[in-house]
Amino acid sequence: MISISILLLIIIPLVVAFLIPLLDLYNKLLRRYLVIIGGVIEISISIYIIISYFSDLKAGKFFLTYYLGGWGPPFGINLVMDSVSLIFSSLISFALFFIIIYSIGFIGHHEGKYYVLFFLILGAMQGAILTGDMFNLYVFIELLTVTSAPLVAFKRNKHATEAAIKYMFYGVIGGLFFFVGVILLYFNIGSLNMAQLAQHFAEIENNMQLTIISIFLIGLLIKIGIFPFHFWLPKAHSACPSSLSALLSGVLLKVYLYIFIRLFWIVIGFEFLLEFNIASFLVYLALVSSLFGHVFALQASDIKRMLAFSSIGHIGMILAVFLLNTETGFYGGLLHIISHLLMKTGLFLSTGYLLQYTKSNHIDDFAGVGHQNKGIFVGFILLTLSMIGMPPFIGFFSKWYIIMAFLKIQHHFGAIVVVLGSLSAVFYYLRFIAKGYEKIKLSASDLKNEIYNRPILSVFYREKLVTTVIYIFVGMIILTGFSFRLFELPLQEGIKELINPQNYINLILGG
Amino acid sequence: MKKFLVGLLFIGLAFLLLINFAELPEEKLITFSLSDYYIGFGLEQTGALNLVTAILYDYRGFDSLGESTVIFAAVSGIVLILSRKMLPVSSHGLSFIVKRTLGILTPFIALFSLYVITHGHLTPGGGFQGGVILAAISIIFSIVYGSAFDYKRYSPELKTTFETGGALVFIIIGGLGILFDGFFLDNLDFLTHSPGTLISAGSIPLINIGIGFKVGAGLAIVFYSMIQKTFGEEF
């Protein structure tokens, strides 16, 4: 069904980003209202899509498309939204709406360019998820790298600049590999449309298939941050302000995961990963990466670095469970993507609030924050409990399904890694929680030191806004924990699409 | 040792790529591939003599929107990272002879850039290329006359207006496509005269003008924020 609403999901953030500098010339105070209006429009489009096409979703034929410039596939660029994209796209509009509100209270300087880049990231994420064209996908991946790299350097100190350069370097290399892959696909098949590529991929020569797969794999593994290529991730995700860490670690990694899924299940087809024996190797690589992430998180003494390492652990787990290519695996993976997005975003946002008066992110400075901000710290503890996998929260259910998926096909190593990861998570989160409840005894010299070194500009000017957003995320993990069956319908439809990619090809190319 | 190993890795990778690119088949799998389609029907369907422009701004106009947004993002990022102060700090510029010569040359540079931008659908060139020439004027100004002169003539506010204005023109023309033909970025056919004339190819020249000003202003802003920083450190 042709629907303009999915185009608006991409265009609205771009228009807002283009309008912000113009509005800044006129009146800088109006910027905040424009930003909120942009977020509201974005989330209401997502809600509109869900409500108005709910009957289609129920009947199992949810499929929206849009032809840009009126050129239908395979000759023009087309946007596609199926159930998997619906899950990711609406999650992103939801999460970014709240991060925008948080930023209004959190970011105190250089706001103009911050929001410009923020909305460009939002547009690029939606574009990367909704596009049905390989080269268009590359353009949006490039846009994601170019927009997020300056934001990593947002603090403009030595540490942040180094992290940003590293991030830019790895991001560009990953994008380059992806681009070479797109070129090879085009030269072999002669089309850029995903459905047509999927239709003809089996006809390419065997070595060329292997080359294309491995080039795409290297590019995307760099982007996702799987073990041999993960070096850039903890630095980049801990160097920027907390709202951006939440964006990068909580949301952006899922977009790359989505691209991975879209590429290897729809365009290339999973049977080729099995044919070249890459799939089982990748499962072990992702699991080892997950283990490494959790082990490194144990020794991290910087809280944001610890959270970034834990992200590596969780993303590796999600990737591994997807690569099992079973129905329960997809269900657990998709559910954990939802839960990890909510938990990690909430954790980074609450960390940003807790660290407002501390000198650095180091664990020693974390002492006593639990007494200063009681409510938020309880929220922080609830989020970490969900991260570990405690029963009433959503983290438990998603992890449960992941373990079940591993056990169902007798993959014991995977189940052990998931359990070990949870156990080590108990230790590294408890360290910080215990430190947060430590009583601080200040000697006179300490007090003097504390007063002189306290950052002047750390006070939020809209504290209520910031705390409300954190409480919303805490409420979400509890609510979705009790009612995670809400996602049942789109998840089941998404799993059907991943198992049967031929359906996607037929819907786009018309039988 | 480390450098040697990295070099070895790169050579190996290059070798592998070379082998695989040499193996690329002459014929594409699809009998009627994208390039065949564009070459066969490009002029007829879009009315643009320059096929590259026809692909860039009509068949794959959305890619160009993305690419120009990449430039916009890069400009915003560089300004975010390098911005320190908005005071114009400037050198005195070069000698009188250079200044005078440039004064005579400038209108012609501007004319040439406008020609490249507006004739994008007829001859090689287009918005991106013409915009770079446009940016060269501002860059030469700040080198030859000093950046304070450039600041006075083309203030950052003006440049920002041009940049965002160009981007918005692109989106507005895309939106007009929805109004008149039903799809975003659809070619506005009623603007077409016979192919080969200046006013032809529908909305392609208009998009070119928007992108030209956007790219020109964007690159000028990038140069200005960089020069500001180096001068700030020198003086």
# chains A, B, ... in the order shown; residues from 1 in each chain; ligands from 1
call {"tool": "interface_residues", "arguments": {"of": "chain B", "to": "chain A", "cutoff": "9 Å", "atoms": "only C-alpha atoms", "output": "ChimeraX atom specification"}}
result
/B:16-17,20-21,23-35,37-38,58-64,66-67,69-74,76-82,157,160-161,163-165,167-168,171,174,177-178,181-187
call {"tool": "residues_around", "arguments": {"residues": "Arg153 (chain B)", "least_positions_apart": "5", "cutoff": "12 Å", "atoms": "only C-alpha atoms", "output": "list in words"}}
result
Ile137, Ser138, Phe141, Ser142, Tyr145, Gly146, Ser147, Ala148, Leu158 and Lys159 of chain B
call {"tool": "select_by_dssp", "arguments": {"residues": "region 237-482 of chain A", "states": "alpha helix (DSSP H)", "output": "PyMOL selection string"}}
result
chain A and resi 237-239+242-245+253-261+270-275+278-299+303-323+327-354+369-372+374-388+394-408+412-436+444-453+463-482
call {"tool": "residues_around", "arguments": {"residues": "Pro392 (chain A)", "least_positions_apart": "2", "cutoff": "7 Å", "atoms": "only C-alpha atoms", "output": "list in words"}}
result
Met390, Ile394, Ile478, Gly481 and Phe482 of chain A
call {"tool": "write_last_selection", "arguments": {"atoms": "N, CA, C and O atoms", "output": "PDB file, in the first residue's frame"}}
result
ATOM      1  N   MET A 390      16.212  -9.426  36.360  1.00  0.00           N
ATOM      2  CA  MET A 390      15.360  -9.751  37.500  1.00  0.00           C
ATOM      3  C   MET A 390      13.908  -9.890  37.052  1.00  0.00           C
ATOM      4  O   MET A 390      13.450  -9.127  36.207  1.00  0.00           O
ATOM      5  N   ILE A 394      11.294  -6.108  32.149  1.00  0.00           N
ATOM      6  CA  ILE A 394      11.332  -6.671  30.793  1.00  0.00           C
ATOM      7  C   ILE A 394      12.648  -7.384  30.516  1.00  0.00           C
ATOM      8  O   ILE A 394      12.686  -8.336  29.739  1.00  0.00           O
ATOM      9  N   ILE A 478       9.116  -1.329  33.812  1.00  0.00           N
ATOM     10  CA  ILE A 478       8.224  -2.089  34.695  1.00  0.00           C
ATOM     11  C   ILE A 478       6.952  -2.468  33.941  1.00  0.00           C
ATOM     12  O   ILE A 478       6.530  -3.632  33.941  1.00  0.00           O
ATOM     13  N   GLY A 481       7.504  -4.939  31.316  1.00  0.00           N
ATOM     14  CA  GLY A 481       7.814  -6.218  31.946  1.00  0.00           C
ATOM     15  C   GLY A 481       6.544  -6.988  32.251  1.00  0.00           C
ATOM     16  O   GLY A 481       6.468  -8.194  32.041  1.00  0.00           O
ATOM     17  N   PHE A 482       5.509  -6.263  32.753  1.00  0.00           N
ATOM     18  CA  PHE A 482       4.257  -6.946  33.062  1.00  0.00           C
ATOM     19  C   PHE A 482       3.476  -7.271  31.807  1.00  0.00           C
ATOM     20  O   PHE A 482       2.676  -8.199  31.801  1.00  0.00           O
TER      21      PHE A 482
END
call {"tool": "residues_around", "arguments": {"residues": "Phe170 (chain B)", "least_positions_apart": "3", "cutoff": "8 Å", "atoms": "only C-alpha atoms", "output": "list of chain:residue names"}}
result
B:Leu65, B:Gly166, B:Ala167, B:Ile173, B:Gly174, B:Ile207, B:Gly210, B:Ile211
call {"tool": "write_last_selection", "arguments": {"atoms": "C-alpha atoms", "output": "compact mmCIF listing (two decimals), in the first residue's frame"}}
result
# COMPACT_ATOMS: atom_id res chain seq x y z
CA LEU B 65 18.97 14.99 -0.86
CA GLY B 166 19.13 26.08 -0.40
CA ALA B 167 18.32 22.96 1.56
CA ILE B 173 10.46 21.52 -4.74
CA GLY B 174 10.15 17.92 -3.63
CA ILE B 207 17.04 21.89 -7.52
CA GLY B 210 19.15 25.33 -4.44
CA ILE B 211 22.02 22.87 -4.07
call {"tool": "atom_distance", "arguments": {"atom1": "CA of Ala163 (chain A)", "atom2": "CA of His237 (chain A)"}}
result
8.5 Å
call {"tool": "decode", "arguments": {"residues": "region 197-212 of chain A", "atoms": "all heavy atoms", "output": "PDB file, in the first residue's frame"}}
result
ATOM      1  N   LEU A 197      17.825  -7.509  -5.936  1.00  0.00           N
ATOM      2  CA  LEU A 197      19.098  -8.127  -5.567  1.00  0.00           C
ATOM      3  C   LEU A 197      18.861  -9.470  -4.907  1.00  0.00           C
ATOM      4  O   LEU A 197      19.558 -10.453  -5.185  1.00  0.00           O
ATOM      5  CB  LEU A 197      19.860  -7.203  -4.613  1.00  0.00           C
ATOM      6  CG  LEU A 197      20.393  -5.893  -5.177  1.00  0.00           C
ATOM      7  CD1 LEU A 197      21.065  -5.099  -4.090  1.00  0.00           C
ATOM      8  CD2 LEU A 197      21.375  -6.171  -6.290  1.00  0.00           C
ATOM      9  N   ALA A 198      17.845  -9.514  -4.015  1.00  0.00           N
ATOM     10  CA  ALA A 198      17.555 -10.768  -3.319  1.00  0.00           C
ATOM     11  C   ALA A 198      17.147 -11.852  -4.300  1.00  0.00           C
ATOM     12  O   ALA A 198      17.515 -13.010  -4.156  1.00  0.00           O
ATOM     13  CB  ALA A 198      16.450 -10.539  -2.296  1.00  0.00           C
ATOM     14  N   GLN A 199      16.403 -11.429  -5.329  1.00  0.00           N
ATOM     15  CA  GLN A 199      15.923 -12.392  -6.315  1.00  0.00           C
ATOM     16  C   GLN A 199      17.073 -13.034  -7.091  1.00  0.00           C
ATOM     17  O   GLN A 199      17.031 -14.209  -7.416  1.00  0.00           O
ATOM     18  CB  GLN A 199      15.004 -11.652  -7.280  1.00  0.00           C
ATOM     19  CG  GLN A 199      13.973 -12.503  -7.928  1.00  0.00           C
ATOM     20  CD  GLN A 199      13.037 -11.647  -8.736  1.00  0.00           C
ATOM     21  OE1 GLN A 199      13.373 -10.520  -9.133  1.00  0.00           O
ATOM     22  NE2 GLN A 199      11.856 -12.150  -8.994  1.00  0.00           N
ATOM     23  N   HIS A 200      18.108 -12.222  -7.387  1.00  0.00           N
ATOM     24  CA  HIS A 200      19.155 -12.699  -8.291  1.00  0.00           C
ATOM     25  C   HIS A 200      20.458 -13.065  -7.601  1.00  0.00           C
ATOM     26  O   HIS A 200      21.417 -13.429  -8.273  1.00  0.00           O
ATOM     27  CB  HIS A 200      19.445 -11.630  -9.350  1.00  0.00           C
ATOM     28  CG  HIS A 200      18.315 -11.428 -10.293  1.00  0.00           C
ATOM     29  ND1 HIS A 200      18.090 -12.242 -11.369  1.00  0.00           N
ATOM     30  CD2 HIS A 200      17.326 -10.521 -10.308  1.00  0.00           C
ATOM     31  CE1 HIS A 200      17.013 -11.837 -12.029  1.00  0.00           C
ATOM     32  NE2 HIS A 200      16.526 -10.797 -11.389  1.00  0.00           N
ATOM     33  N   PHE A 201      20.521 -12.947  -6.256  1.00  0.00           N
ATOM     34  CA  PHE A 201      21.812 -13.179  -5.602  1.00  0.00           C
ATOM     35  C   PHE A 201      22.294 -14.611  -5.807  1.00  0.00           C
ATOM     36  O   PHE A 201      23.488 -14.863  -5.926  1.00  0.00           O
ATOM     37  CB  PHE A 201      21.718 -12.865  -4.106  1.00  0.00           C
ATOM     38  CG  PHE A 201      23.047 -12.894  -3.416  1.00  0.00           C
ATOM     39  CD1 PHE A 201      23.915 -11.826  -3.534  1.00  0.00           C
ATOM     40  CD2 PHE A 201      23.452 -13.997  -2.683  1.00  0.00           C
ATOM     41  CE1 PHE A 201      25.150 -11.853  -2.921  1.00  0.00           C
ATOM     42  CE2 PHE A 201      24.690 -14.026  -2.074  1.00  0.00           C
ATOM     43  CZ  PHE A 201      25.538 -12.951  -2.195  1.00  0.00           C
ATOM     44  N   ALA A 202      21.358 -15.555  -5.866  1.00  0.00           N
ATOM     45  CA  ALA A 202      21.752 -16.968  -5.985  1.00  0.00           C
ATOM     46  C   ALA A 202      22.444 -17.263  -7.312  1.00  0.00           C
ATOM     47  O   ALA A 202      23.170 -18.246  -7.422  1.00  0.00           O
ATOM     48  CB  ALA A 202      20.529 -17.850  -5.818  1.00  0.00           C
ATOM     49  N   GLU A 203      22.243 -16.385  -8.317  1.00  0.00           N
ATOM     50  CA  GLU A 203      22.799 -16.686  -9.646  1.00  0.00           C
ATOM     51  C   GLU A 203      24.247 -16.241  -9.803  1.00  0.00           C
ATOM     52  O   GLU A 203      24.879 -16.516 -10.815  1.00  0.00           O
ATOM     53  CB  GLU A 203      21.938 -16.005 -10.725  1.00  0.00           C
ATOM     54  CG  GLU A 203      20.517 -16.525 -10.739  1.00  0.00           C
ATOM     55  CD  GLU A 203      19.575 -15.550 -11.419  1.00  0.00           C
ATOM     56  OE1 GLU A 203      20.027 -14.765 -12.273  1.00  0.00           O
ATOM     57  OE2 GLU A 203      18.381 -15.554 -11.068  1.00  0.00           O
ATOM     58  N   ILE A 204      24.779 -15.501  -8.813  1.00  0.00           N
ATOM     59  CA  ILE A 204      26.173 -15.053  -8.910  1.00  0.00           C
ATOM     60  C   ILE A 204      27.087 -16.249  -8.706  1.00  0.00           C
ATOM     61  O   ILE A 204      26.727 -17.232  -8.061  1.00  0.00           O
ATOM     62  CB  ILE A 204      26.456 -13.978  -7.839  1.00  0.00           C
ATOM     63  CG1 ILE A 204      25.479 -12.828  -7.972  1.00  0.00           C
ATOM     64  CG2 ILE A 204      27.856 -13.431  -7.961  1.00  0.00           C
ATOM     65  CD1 ILE A 204      25.665 -11.790  -6.917  1.00  0.00           C
ATOM     66  N   GLU A 205      28.345 -16.110  -9.247  1.00  0.00           N
ATOM     67  CA  GLU A 205      29.328 -17.183  -9.056  1.00  0.00           C
ATOM     68  C   GLU A 205      29.657 -17.360  -7.584  1.00  0.00           C
ATOM     69  O   GLU A 205      29.576 -16.405  -6.794  1.00  0.00           O
ATOM     70  CB  GLU A 205      30.629 -16.803  -9.763  1.00  0.00           C
ATOM     71  CG  GLU A 205      30.642 -17.118 -11.228  1.00  0.00           C
ATOM     72  CD  GLU A 205      31.935 -16.615 -11.824  1.00  0.00           C
ATOM     73  OE1 GLU A 205      32.990 -17.039 -11.313  1.00  0.00           O
ATOM     74  OE2 GLU A 205      31.892 -15.809 -12.740  1.00  0.00           O
ATOM     75  N   ASN A 206      30.118 -18.563  -7.220  1.00  0.00           N
ATOM     76  CA  ASN A 206      30.318 -18.858  -5.806  1.00  0.00           C
ATOM     77  C   ASN A 206      31.362 -17.997  -5.115  1.00  0.00           C
ATOM     78  O   ASN A 206      31.138 -17.504  -4.029  1.00  0.00           O
ATOM     79  CB  ASN A 206      30.700 -20.335  -5.664  1.00  0.00           C
ATOM     80  CG  ASN A 206      29.494 -21.131  -5.237  1.00  0.00           C
ATOM     81  OD1 ASN A 206      28.491 -20.539  -4.851  1.00  0.00           O
ATOM     82  ND2 ASN A 206      29.583 -22.425  -5.292  1.00  0.00           N
ATOM     83  N   ASN A 207      32.562 -17.810  -5.771  1.00  0.00           N
ATOM     84  CA  ASN A 207      33.614 -17.025  -5.077  1.00  0.00           C
ATOM     85  C   ASN A 207      33.131 -15.624  -4.864  1.00  0.00           C
ATOM     86  O   ASN A 207      33.439 -15.009  -3.854  1.00  0.00           O
ATOM     87  CB  ASN A 207      34.924 -16.793  -5.851  1.00  0.00           C
ATOM     88  CG  ASN A 207      35.322 -17.855  -6.663  1.00  0.00           C
ATOM     89  OD1 ASN A 207      34.746 -18.741  -6.360  1.00  0.00           O
ATOM     90  ND2 ASN A 207      36.231 -17.828  -7.549  1.00  0.00           N
ATOM     91  N   MET A 208      32.418 -15.088  -5.868  1.00  0.00           N
ATOM     92  CA  MET A 208      31.982 -13.703  -5.779  1.00  0.00           C
ATOM     93  C   MET A 208      30.988 -13.554  -4.642  1.00  0.00           C
ATOM     94  O   MET A 208      31.045 -12.586  -3.893  1.00  0.00           O
ATOM     95  CB  MET A 208      31.354 -13.305  -7.110  1.00  0.00           C
ATOM     96  CG  MET A 208      31.208 -11.832  -7.290  1.00  0.00           C
ATOM     97  SD  MET A 208      32.714 -10.959  -6.967  1.00  0.00           S
ATOM     98  CE  MET A 208      33.376 -10.862  -8.578  1.00  0.00           C
ATOM     99  N   GLN A 209      30.124 -14.554  -4.487  1.00  0.00           N
ATOM    100  CA  GLN A 209      29.189 -14.518  -3.360  1.00  0.00           C
ATOM    101  C   GLN A 209      29.937 -14.435  -2.038  1.00  0.00           C
ATOM    102  O   GLN A 209      29.613 -13.611  -1.178  1.00  0.00           O
ATOM    103  CB  GLN A 209      28.331 -15.783  -3.358  1.00  0.00           C
ATOM    104  CG  GLN A 209      27.193 -15.745  -4.334  1.00  0.00           C
ATOM    105  CD  GLN A 209      26.467 -17.059  -4.370  1.00  0.00           C
ATOM    106  OE1 GLN A 209      26.961 -18.066  -3.886  1.00  0.00           O
ATOM    107  NE2 GLN A 209      25.294 -17.060  -4.963  1.00  0.00           N
ATOM    108  N   LEU A 210      30.997 -15.260  -1.925  1.00  0.00           N
ATOM    109  CA  LEU A 210      31.756 -15.277  -0.672  1.00  0.00           C
ATOM    110  C   LEU A 210      32.409 -13.918  -0.430  1.00  0.00           C
ATOM    111  O   LEU A 210      32.387 -13.388   0.685  1.00  0.00           O
ATOM    112  CB  LEU A 210      32.802 -16.383  -0.735  1.00  0.00           C
ATOM    113  CG  LEU A 210      33.578 -16.609   0.560  1.00  0.00           C
ATOM    114  CD1 LEU A 210      32.636 -16.968   1.673  1.00  0.00           C
ATOM    115  CD2 LEU A 210      34.616 -17.677   0.378  1.00  0.00           C
ATOM    116  N   THR A 211      32.989 -13.336  -1.518  1.00  0.00           N
ATOM    117  CA  THR A 211      33.624 -12.025  -1.374  1.00  0.00           C
ATOM    118  C   THR A 211      32.624 -10.991  -0.893  1.00  0.00           C
ATOM    119  O   THR A 211      32.890 -10.232   0.038  1.00  0.00           O
ATOM    120  CB  THR A 211      34.191 -11.550  -2.727  1.00  0.00           C
ATOM    121  OG1 THR A 211      34.854 -12.631  -3.325  1.00  0.00           O
ATOM    122  CG2 THR A 211      35.116 -10.388  -2.534  1.00  0.00           C
ATOM    123  N   ILE A 212      31.460 -10.950  -1.544  1.00  0.00           N
ATOM    124  CA  ILE A 212      30.462  -9.940  -1.197  1.00  0.00           C
ATOM    125  C   ILE A 212      30.030 -10.105   0.256  1.00  0.00           C
ATOM    126  O   ILE A 212      29.994  -9.143   1.030  1.00  0.00           O
ATOM    127  CB  ILE A 212      29.250 -10.051  -2.142  1.00  0.00           C
ATOM    128  CG1 ILE A 212      29.635  -9.625  -3.549  1.00  0.00           C
ATOM    129  CG2 ILE A 212      28.106  -9.182  -1.640  1.00  0.00           C
ATOM    130  CD1 ILE A 212      28.569  -9.880  -4.575  1.00  0.00           C
TER     131      ILE A 212
END
